[in-house]
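Quick look at target.pdb (PDB, C-alpha atoms):
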MODEL        1
ATOM      1  CA  MET C   1      94.519  13.245 -65.232
ATOM      2  CA  ALA C   2      92.932  12.905 -61.762
ATOM      3  CA  ARG C   3      89.413  11.476 -61.535
ATOM      4  CA  LYS C   4      86.705  13.733 -60.148
ATOM      5  CA  GLN C   5      85.359  12.675 -56.828
ATOM      6  CA  LYS C   6      81.626  12.113 -56.812
ATOM      7  CA  HIS C   7      79.643  14.011 -54.200
ATOM      8  CA  GLU C   8      77.896  11.800 -51.630
ATOM      9  CA  LYS C   9      74.121  11.823 -51.846
ATOM     10  CA  GLU C  10      72.485  13.794 -49.114
ATOM     11  CA  GLY C  11      70.396  11.797 -46.634
ATOM     12  CA  ASN C  12      66.598  11.699 -47.083
ATOM     13  CA  HIS C  13      65.266  13.661 -44.111
ATOM     14  CA  GLU C  14      61.604  12.751 -44.847
ATOM     15  CA  ARG C  15      61.838   8.973 -44.385
ATOM     16  CA  TRP C  16      60.080   9.341 -40.988
ATOM     17  CA  LEU C  17      56.929  10.149 -42.882
ATOM     18  CA  VAL C  18      56.696   6.550 -44.067
ATOM     19  CA  SER C  19      56.747   5.174 -40.529
ATOM     20  CA  TYR C  20      54.360   7.863 -39.372
ATOM     21  CA  ALA C  21      51.931   7.053 -42.191
ATOM     22  CA  ASP C  22      52.064   3.354 -41.287
ATOM     23  CA  PHE C  23      51.355   4.236 -37.641
ATOM     24  CA  ILE C  24      48.399   6.444 -38.568
ATOM     25  CA  THR C  25      46.986   3.737 -40.829
ATOM     26  CA  LEU C  26      47.208   1.114 -38.092
ATOM     27  CA  LEU C  27      45.669   3.492 -35.554
ATOM     28  CA  PHE C  28      42.809   4.239 -37.923
ATOM     29  CA  ALA C  29      42.257   0.511 -38.424
ATOM     30  CA  VAL C  30      42.111  -0.005 -34.637
ATOM     31  CA  PHE C  31      39.475   2.704 -34.185
ATOM     32  CA  VAL C  32      37.438   1.327 -37.069
ATOM     33  CA  CYS C  33      37.425  -2.093 -35.391
ATOM     34  CA  LEU C  34      36.438  -0.607 -32.036
ATOM     35  CA  TYR C  35      33.632   1.367 -33.653
ATOM     36  CA  ALA C  36      32.390  -1.702 -35.514
ATOM     37  CA  MET C  37      32.412  -3.740 -32.290
ATOM     38  CA  SER C  38      30.381  -1.070 -30.459
ATOM     39  CA  GLN C  39      27.597  -1.035 -33.031
ATOM     40  CA  THR C  40      24.785  -3.527 -32.300
ATOM     41  CA  ASP C  41      22.171  -4.666 -34.679
ATOM     42  CA  LYS C  42      19.557  -1.935 -34.157
ATOM     43  CA  ALA C  43      16.882  -3.960 -35.896
ATOM     44  CA  LYS C  44      17.376  -6.863 -33.485
ATOM     45  CA  VAL C  45      17.385  -4.538 -30.482
ATOM     46  CA  GLU C  46      14.148  -2.858 -31.557
ATOM     47  CA  SER C  47      12.602  -6.272 -32.116
ATOM     48  CA  LEU C  48      13.636  -7.341 -28.599
ATOM     49  CA  VAL C  49      12.236  -4.158 -27.043
ATOM     50  CA  ALA C  50       8.950  -4.582 -28.903
ATOM     51  CA  SER C  51       8.701  -8.184 -27.707
ATOM     52  CA  ILE C  52       9.249  -7.135 -24.066
ATOM     53  CA  ARG C  53       6.651  -4.387 -24.355
ATOM     54  CA  ASP C  54       4.130  -6.807 -25.807
ATOM     55  CA  SER C  55       4.814  -9.237 -22.977
ATOM     56  CA  PHE C  56       4.017  -6.540 -20.403
ATOM     57  CA  GLY C  57       0.936  -5.377 -22.252
ATOM     58  CA  HIS C  58       2.187  -2.015 -23.563
ATOM     59  CA  VAL C  59       0.936  -0.836 -26.910
ATOM     60  CA  LYS C  60       1.459   2.346 -28.885
ATOM     61  CA  SER C  61      -1.349   4.867 -28.640
ATOM     62  CA  GLY C  62       0.071   7.364 -31.130
ATOM     63  CA  GLY C  63       3.284   9.406 -31.124
ATOM     64  CA  THR C  64       5.863   8.314 -28.601
ATOM     65  CA  SER C  65       3.508   7.840 -25.672
ATOM     66  CA  GLU C  66       2.320   4.447 -24.556
ATOM     67  CA  ARG C  67      -0.628   3.071 -22.664
ATOM     68  CA  VAL C  68      -1.302  -0.192 -20.882
ATOM     69  CA  ASN C  69      -3.103  -2.807 -22.916
ATOM     70  CA  PHE C  70      -5.573  -4.148 -20.342
ATOM     71  CA  VAL C  71      -6.743  -7.717 -20.395
ATOM     72  CA  GLU C  72     -10.218  -8.238 -21.762
ATOM     73  CA  SER C  73     -12.810  -8.567 -18.991
ATOM     74  CA  SER C  74     -13.880 -11.958 -20.322
ATOM     75  CA  ASP C  75     -10.456 -13.346 -19.377
ATOM     76  CA  VAL C  76     -10.528 -12.073 -15.799
ATOM     77  CA  ARG C  77     -11.255 -14.662 -13.154
ATOM     78  CA  LYS C  78     -13.034 -13.866  -9.899
ATOM     79  CA  ILE C  79     -10.687 -13.163  -6.995
ATOM     80  CA  PRO C  80     -11.295 -15.549  -4.100
ATOM     81  CA  ALA C  81     -12.587 -14.115  -0.842
ATOM     82  CA  ILE C  82      -9.969 -13.015   1.657
ATOM     83  CA  LYS C  83      -9.817 -15.153   4.773
ATOM     84  CA  ALA C  84      -9.017 -13.917   8.256
ATOM     85  CA  GLU C  85      -5.673 -15.719   8.087
ATOM     86  CA  SER C  86      -4.573 -13.584   5.155
ATOM     87  CA  LEU C  87      -5.688 -10.135   6.285
ATOM     88  CA  SER C  88      -3.679  -7.438   4.563
ATOM     89  CA  PRO C  89      -3.748  -3.643   4.471
ATOM     90  CA  GLY C  90      -4.911  -1.536   1.577
ATOM     91  CA  ARG C  91      -2.672   0.287  -0.871
ATOM     92  CA  GLY C  92      -1.401   2.749   1.728
ATOM     93  CA  GLY C  93      -0.520   0.179   4.379
ATOM     94  CA  GLU C  94       3.225   0.117   3.759
ATOM     95  CA  ASP C  95       3.429   3.912   3.747
ATOM     96  CA  LEU C  96       1.601   4.044   7.066
ATOM     97  CA  LYS C  97       3.963   1.441   8.509
ATOM     98  CA  SER C  98       6.991   3.550   7.626
ATOM     99  CA  GLY C  99       5.346   6.651   9.084
ATOM    100  CA  ALA C 100       4.335   4.973  12.342
ATOM    101  CA  ARG C 101       7.593   5.918  14.082
ATOM    102  CA  GLY C 102       7.757   9.047  16.191
ATOM    103  CA  ARG C 103       4.151   9.002  17.348
ATOM    104  CA  THR C 104       2.951  11.689  19.760
ATOM    105  CA  ARG C 105       0.186  11.694  22.347
ATOM    106  CA  ALA C 106      -3.101  13.060  21.037
ATOM    107  CA  GLU C 107      -4.894  15.770  22.978
ATOM    108  CA  ILE C 108      -8.465  16.955  22.599
ATOM    109  CA  LYS C 109      -7.662  19.199  19.601
ATOM    110  CA  ASP C 110      -5.997  16.238  17.897
ATOM    111  CA  PHE C 111      -9.136  14.122  18.398
ATOM    112  CA  TYR C 112     -11.239  16.698  16.585
ATOM    113  CA  ALA C 113      -8.645  17.040  13.805
ATOM    114  CA  ALA C 114      -8.621  13.261  13.289
ATOM    115  CA  LYS C 115     -12.424  13.213  13.339
ATOM    116  CA  ALA C 116     -12.560  15.877  10.626
ATOM    117  CA  ALA C 117      -9.982  14.040   8.495
ATOM    118  CA  ILE C 118     -11.946  10.773   8.624
ATOM    119  CA  GLU C 119     -15.274  12.469   7.912
ATOM    120  CA  ASN C 120     -13.830  14.337   4.921
ATOM    121  CA  THR C 121     -12.580  11.064   3.478
ATOM    122  CA  LEU C 122     -15.967   9.427   4.043
ATOM    123  CA  LYS C 123     -17.777  12.286   2.302
ATOM    124  CA  GLY C 124     -15.387  12.149  -0.630
ATOM    125  CA  SER C 125     -15.976   8.418  -1.123
ATOM    126  CA  GLY C 126     -19.674   8.422  -0.226
ATOM    127  CA  ASN C 127     -19.234   6.015   2.700
ATOM    128  CA  GLN C 128     -20.773   8.067   5.504
ATOM    129  CA  ASP C 129     -23.178   5.226   6.246
ATOM    130  CA  LYS C 130     -20.390   2.717   6.935
ATOM    131  CA  VAL C 131     -18.332   4.593   9.552
ATOM    132  CA  SER C 132     -19.327   7.065  12.258
ATOM    133  CA  VAL C 133     -16.923   9.202  14.305
ATOM    134  CA  GLN C 134     -17.435  11.059  17.564
ATOM    135  CA  VAL C 135     -15.366  12.605  20.350
ATOM    136  CA  THR C 136     -16.447  11.582  23.848
ATOM    137  CA  LYS C 137     -14.995  11.717  27.365
ATOM    138  CA  ARG C 138     -13.289   8.424  26.594
ATOM    139  CA  GLY C 139     -11.566   9.824  23.503
ATOM    140  CA  LEU C 140     -12.048   9.462  19.753
ATOM    141  CA  VAL C 141     -14.541   6.709  18.927
ATOM    142  CA  VAL C 142     -14.537   5.373  15.342
ATOM    143  CA  SER C 143     -17.448   2.980  14.801
ATOM    144  CA  LEU C 144     -17.091   0.470  11.968
ATOM    145  CA  LYS C 145     -20.606  -0.633  11.122
ATOM    146  CA  GLU C 146     -21.244  -4.283  10.352
ATOM    147  CA  ALA C 147     -22.811  -3.547   6.962
ATOM    148  CA  GLY C 148     -19.601  -1.943   5.720
ATOM    149  CA  PHE C 149     -17.017  -4.320   7.196
ATOM    150  CA  PHE C 150     -18.523  -7.749   7.953
ATOM    151  CA  ASP C 151     -20.993 -10.188   6.515
ATOM    152  CA  SER C 152     -23.794 -11.233   8.830
ATOM    153  CA  GLY C 153     -22.579 -13.847  11.317
ATOM    154  CA  SER C 154     -18.959 -13.568  10.103
ATOM    155  CA  SER C 155     -15.862 -12.061  11.741
ATOM    156  CA  GLU C 156     -13.809 -11.831   8.541
ATOM    157  CA  ILE C 157     -13.209  -8.271   7.353
ATOM    158  CA  LYS C 158     -14.499  -7.696   3.837
ATOM    159  CA  ALA C 159     -11.841  -7.122   1.178
ATOM    160  CA  SER C 160     -13.847  -4.165  -0.113
ATOM    161  CA  SER C 161     -13.530  -2.364   3.232
ATOM    162  CA  PHE C 162      -9.740  -2.006   3.313
ATOM    163  CA  GLU C 163      -9.894   1.382   1.595
ATOM    164  CA  LEU C 164     -11.964   2.647   4.524
ATOM    165  CA  MET C 165      -9.579   0.956   6.945
ATOM    166  CA  ASP C 166      -6.749   2.895   5.277
ATOM    167  CA  ALA C 167      -8.522   6.178   6.007
ATOM    168  CA  VAL C 168      -9.070   5.270   9.672
ATOM    169  CA  ALA C 169      -5.510   4.027  10.150
ATOM    170  CA  LYS C 170      -4.053   7.125   8.488
ATOM    171  CA  ALA C 171      -5.941   9.383  10.905
ATOM    172  CA  LEU C 172      -4.755   7.426  13.979
ATOM    173  CA  THR C 173      -1.260   6.275  13.056
ATOM    174  CA  SER C 174       0.596   9.385  14.275
ATOM    175  CA  PHE C 175      -0.714   9.090  17.856
ATOM    176  CA  SER C 176       0.740   7.038  20.709
ATOM    177  CA  ASN C 177      -2.437   6.892  22.803
ATOM    178  CA  PRO C 178      -3.612   3.414  23.778
ATOM    179  CA  ILE C 179      -6.326   2.028  21.516
ATOM    180  CA  ARG C 180      -9.150  -0.276  22.583
ATOM    181  CA  VAL C 181     -11.024  -2.156  19.870
ATOM    182  CA  GLU C 182     -14.487  -3.162  21.047
ATOM    183  CA  GLY C 183     -16.816  -5.616  19.331
ATOM    184  CA  HIS C 184     -20.594  -5.255  19.676
ATOM    185  CA  THR C 185     -23.632  -7.168  18.407
ATOM    186  CA  ASP C 186     -27.415  -6.927  18.629
ATOM    187  CA  ASN C 187     -29.430  -9.214  20.921
ATOM    188  CA  VAL C 188     -30.368 -11.769  18.274
ATOM    189  CA  PRO C 189     -28.874 -15.083  19.491
ATOM    190  CA  ILE C 190     -26.285 -16.803  17.320
ATOM    191  CA  SER C 191     -25.208 -20.415  17.470
ATOM    192  CA  SER C 192     -23.050 -21.701  14.662
ATOM    193  CA  ALA C 193     -20.073 -23.966  14.126
ATOM    194  CA  ALA C 194     -17.774 -20.917  14.392
ATOM    195  CA  PHE C 195     -19.495 -18.947  17.178
ATOM    196  CA  LYS C 196     -21.550 -20.341  20.035
ATOM    197  CA  SER C 197     -22.757 -16.915  21.177
ATOM    198  CA  ASN C 198     -22.547 -13.197  20.486
ATOM    199  CA  TRP C 199     -19.615 -13.022  22.915
ATOM    200  CA  GLU C 200     -17.454 -15.076  20.594
ATOM    201  CA  LEU C 201     -18.596 -13.200  17.479
ATOM    202  CA  SER C 202     -17.958  -9.737  18.923
ATOM    203  CA  THR C 203     -14.580 -10.739  20.339
ATOM    204  CA  SER C 204     -13.458 -12.353  17.091
ATOM    205  CA  ARG C 205     -14.378  -9.264  15.078
ATOM    206  CA  ALA C 206     -12.470  -7.012  17.475
ATOM    207  CA  THR C 207      -9.456  -9.330  17.357
ATOM    208  CA  ASN C 208      -9.395  -9.329  13.561
ATOM    209  CA  VAL C 209      -9.436  -5.517  13.519
ATOM    210  CA  VAL C 210      -6.581  -5.444  16.046
ATOM    211  CA  ARG C 211      -4.562  -7.875  13.950
ATOM    212  CA  THR C 212      -5.168  -5.784  10.834
ATOM    213  CA  LEU C 213      -3.981  -2.609  12.572
ATOM    214  CA  THR C 214      -0.862  -4.201  14.058
ATOM    215  CA  GLU C 215       0.220  -6.432  11.174
ATOM    216  CA  GLY C 216      -0.981  -4.269   8.313
ATOM    217  CA  TYR C 217      -0.399  -0.728   9.564
ATOM    218  CA  GLY C 218       2.377  -0.965  12.155
ATOM    219  CA  PHE C 219       0.391  -0.136  15.303
ATOM    220  CA  GLN C 220       2.256  -1.183  18.449
ATOM    221  CA  PRO C 221       0.773  -4.357  19.998
ATOM    222  CA  GLN C 222       1.664  -3.047  23.467
ATOM    223  CA  THR C 223      -0.766  -0.133  23.088
ATOM    224  CA  ILE C 224      -3.757  -1.858  21.517
ATOM    225  CA  SER C 225      -6.262  -4.356  22.904
ATOM    226  CA  ALA C 226      -9.401  -6.195  21.844
ATOM    227  CA  VAL C 227     -12.566  -6.793  23.842
ATOM    228  CA  GLY C 228     -15.970  -8.268  23.022
ATOM    229  CA  TYR C 229     -19.109  -6.917  24.674
ATOM    230  CA  GLY C 230     -21.664  -8.956  22.762
ATOM    231  CA  GLU C 231     -25.116  -7.380  22.939
ATOM    232  CA  PHE C 232     -24.641  -5.884  26.417
ATOM    233  CA  ARG C 233     -23.558  -2.337  25.502
ATOM    234  CA  PRO C 234     -26.114  -1.202  22.912
ATOM    235  CA  ILE C 235     -26.286   2.352  21.609
ATOM    236  CA  ALA C 236     -29.855   1.926  20.313
ATOM    237  CA  GLY C 237     -32.892  -0.164  21.096
ATOM    238  CA  ASN C 238     -32.935  -3.746  19.834
ATOM    239  CA  ASP C 239     -36.681  -3.654  19.304
ATOM    240  CA  SER C 240     -36.319  -2.376  15.722
ATOM    241  CA  ALA C 241     -34.260  -3.399  12.695
ATOM    242  CA  GLU C 242     -32.682   0.049  12.567
ATOM    243  CA  GLY C 243     -31.639  -0.105  16.208
ATOM    244  CA  ARG C 244     -30.173  -3.582  15.853
ATOM    245  CA  MET C 245     -28.201  -2.433  12.806
ATOM    246  CA  LYS C 246     -26.648   0.412  14.837
ATOM    247  CA  ASN C 247     -25.667  -1.997  17.613
ATOM    248  CA  ARG C 248     -23.780  -4.334  15.247
ATOM    249  CA  ARG C 249     -20.441  -2.527  15.120
ATOM    250  CA  VAL C 250     -16.759  -2.519  16.080
ATOM    251  CA  ASP C 251     -15.558   0.594  17.895
ATOM    252  CA  ILE C 252     -11.937   1.724  17.615
ATOM    253  CA  VAL C 253     -11.380   3.986  20.639
ATOM    254  CA  LEU C 254      -8.320   6.248  20.829
ATOM    255  CA  LEU C 255      -8.262   6.738  24.589
ATOM    256  CA  THR C 256      -7.634   9.941  26.521
ATOM    257  CA  ARG C 257      -5.109   9.992  29.343
ATOM    258  CA  GLU C 258      -7.925   9.940  31.927
ATOM    259  CA  SER C 259      -9.705   6.916  30.436
ATOM    260  CA  GLU C 260      -6.641   4.707  29.823
ATOM    261  CA  GLY C 261      -7.038   2.681  33.017
ATOM    262  CA  GLY C 262     -10.676   3.348  33.716
ATOM    263  CA  GLU C 263     -12.169   0.329  31.931
ATOM    264  CA  ALA C 264     -11.543  -3.383  31.818
TER
ENDMDL
END
Starting from the coordinates I provided, produce the structure as structure tokens.
Amino acid sequence: MARKQKHEKEGNHERWLVSYADFITLLFAVFVCLYAMSQTDKAKVESLVASIRDSFGHVKSGGTSERVNFVESSDVRKIPAIKAESLSPGRGGEDLKSGARGRTRAEIKDFYAAKAAIENTLKGSGNQDKVSVQVTKRGLVVSLKEAGFFDSGSSEIKASSFELMDAVAKALTSFSNPIRVEGHTDNVPISSAAFKSNWELSTSRATNVVRTLTEGYGFQPQTISAVGYGEFRPIAGNDSAEGRMKNRRVDIVLLTRESEGGEA
């Protein structure tokens, strides 16, 4: 009797699922590792951020906003006086430097506009007694009074006056007219280690103003000059304290076209 032939087993068509499952498992493991590597210790990061904020004086004032934690006034040391060798502009000096390009020649209407701008700033800050402005045949004359800009017998510009200097420079910086800075004194003689006469004092004050305008505010050195007149061009009588106070000044003159070459 012939033996029955056994049927061959059919192939398993789902064996690919095993390899696919292994692949998916390995891929999942890779992404888990990448995710774990990307997660930093949040507690340590927050601690670092808090430390940096403390170092820069920031403290929480409620909610998510912050405020600056100012140093107690008892820890603040007095700032040394600024010397002539370290003259620097006020807070707006760098902005005025960048805007000094493309200057145009000022005409009479521009003189009055600049005069109004300076006077408005003076009224807003209550410094009308430190600067006077007028338009004359020579041009725009900005008078810096000694009481607001210099100590008696000194040519160094006060550090407290740079805010006013900013206002003056801002009003003049867009014009290409030549500028003459003129130093004036009263007729009280001076003789010190620094200045032998009022000539030297008035010239030194004018020179320091010129250097502040050119180095601090970008005025062109080719269009600005300094001159010292001493007590010989007063605008008031020297026989009274009030008159002498008016004569102690430095005039910044934005010259008209007609007066550019008319004076030494």
Checklist line | C:Leu213, C:Leu255, C:Val181, C:Ile24 ranked by distance to Val135 of chain C, top pick (using only C-alpha atoms) | finding: C:Leu255
Next item on the list: Could you list the residues chosen by the PyMOL selection byres ((chain C and resi 257) around 12) in this structure as a PyMOL selection string?
Entry: chain C and resi 105-108+137-140+176-179+254-256+258-262
Export C-alpha atoms of the chosen residues as a tab-separated table (two decimals), in the frame of the given file?
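Generated file (selection.tsv):
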chain	number	residue	atom	x	y	z
C	105	ARG	CA	0.19	11.69	22.35
C	106	ALA	CA	-3.10	13.06	21.04
C	107	GLU	CA	-4.89	15.77	22.98
C	108	ILE	CA	-8.46	16.95	22.60
C	137	LYS	CA	-15.00	11.72	27.36
C	138	ARG	CA	-13.29	8.42	26.59
C	139	GLY	CA	-11.57	9.82	23.50
C	140	LEU	CA	-12.05	9.46	19.75
C	176	SER	CA	0.74	7.04	20.71
C	177	ASN	CA	-2.44	6.89	22.80
C	178	PRO	CA	-3.61	3.41	23.78
C	179	ILE	CA	-6.33	2.03	21.52
C	254	LEU	CA	-8.32	6.25	20.83
C	255	LEU	CA	-8.26	6.74	24.59
C	256	THR	CA	-7.63	9.94	26.52
C	258	GLU	CA	-7.92	9.94	31.93
C	259	SER	CA	-9.70	6.92	30.44
C	260	GLU	CA	-6.64	4.71	29.82
C	261	GLY	CA	-7.04	2.68	33.02
C	262	GLY	CA	-10.68	3.35	33.72
Axis-aligned box for all listed atoms of segment 192-202 of chain C, 5 Å per side, centre and edges in Å to one decimal, as AutoDock Vina command-line options:
--center_x -20.3 --center_y -16.9 --center_z 18.5 --size_x 15.6 --size_y 24.2 --size_z 18.8
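Shortest separation to Ile118 of chain C among C:Glu231, C:Glu146, C:Asp251, C:Asp166 occurs at residue C:Asp166, atoms counted being all atoms listed in the file.
A straight line drawn from atom CA of Ser154 of chain C to atom CA of Trp199 of chain C is 12.8 Å long.
Coordinates place atom CA of Met165 of chain C at a distance of 26.9 Å from atom CA of Val188 of chain C.
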Check: Skipping near chain neighbours, those fewer than 2 positions away, what residues fall within 9 Å of Ala147 of chain C using all atoms listed in the file, listed as a VMD selection string?
Finding: chain C and resid 129 to 130 144 to 145 149 to 152 245 248 to 249
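Ranking C:Leu26, C:Ser160, C:Val168, C:Gly153 by their shortest atom-to-atom distance to Ala116 of chain C, with all atoms listed in the file included, puts C:Val168 first.
For the choices C:Arg205, C:Lys109, C:His184, C:Arg244, the atom-to-atom distance to Tyr229 of chain C is smallest for C:His184 when using all atoms listed in the file.
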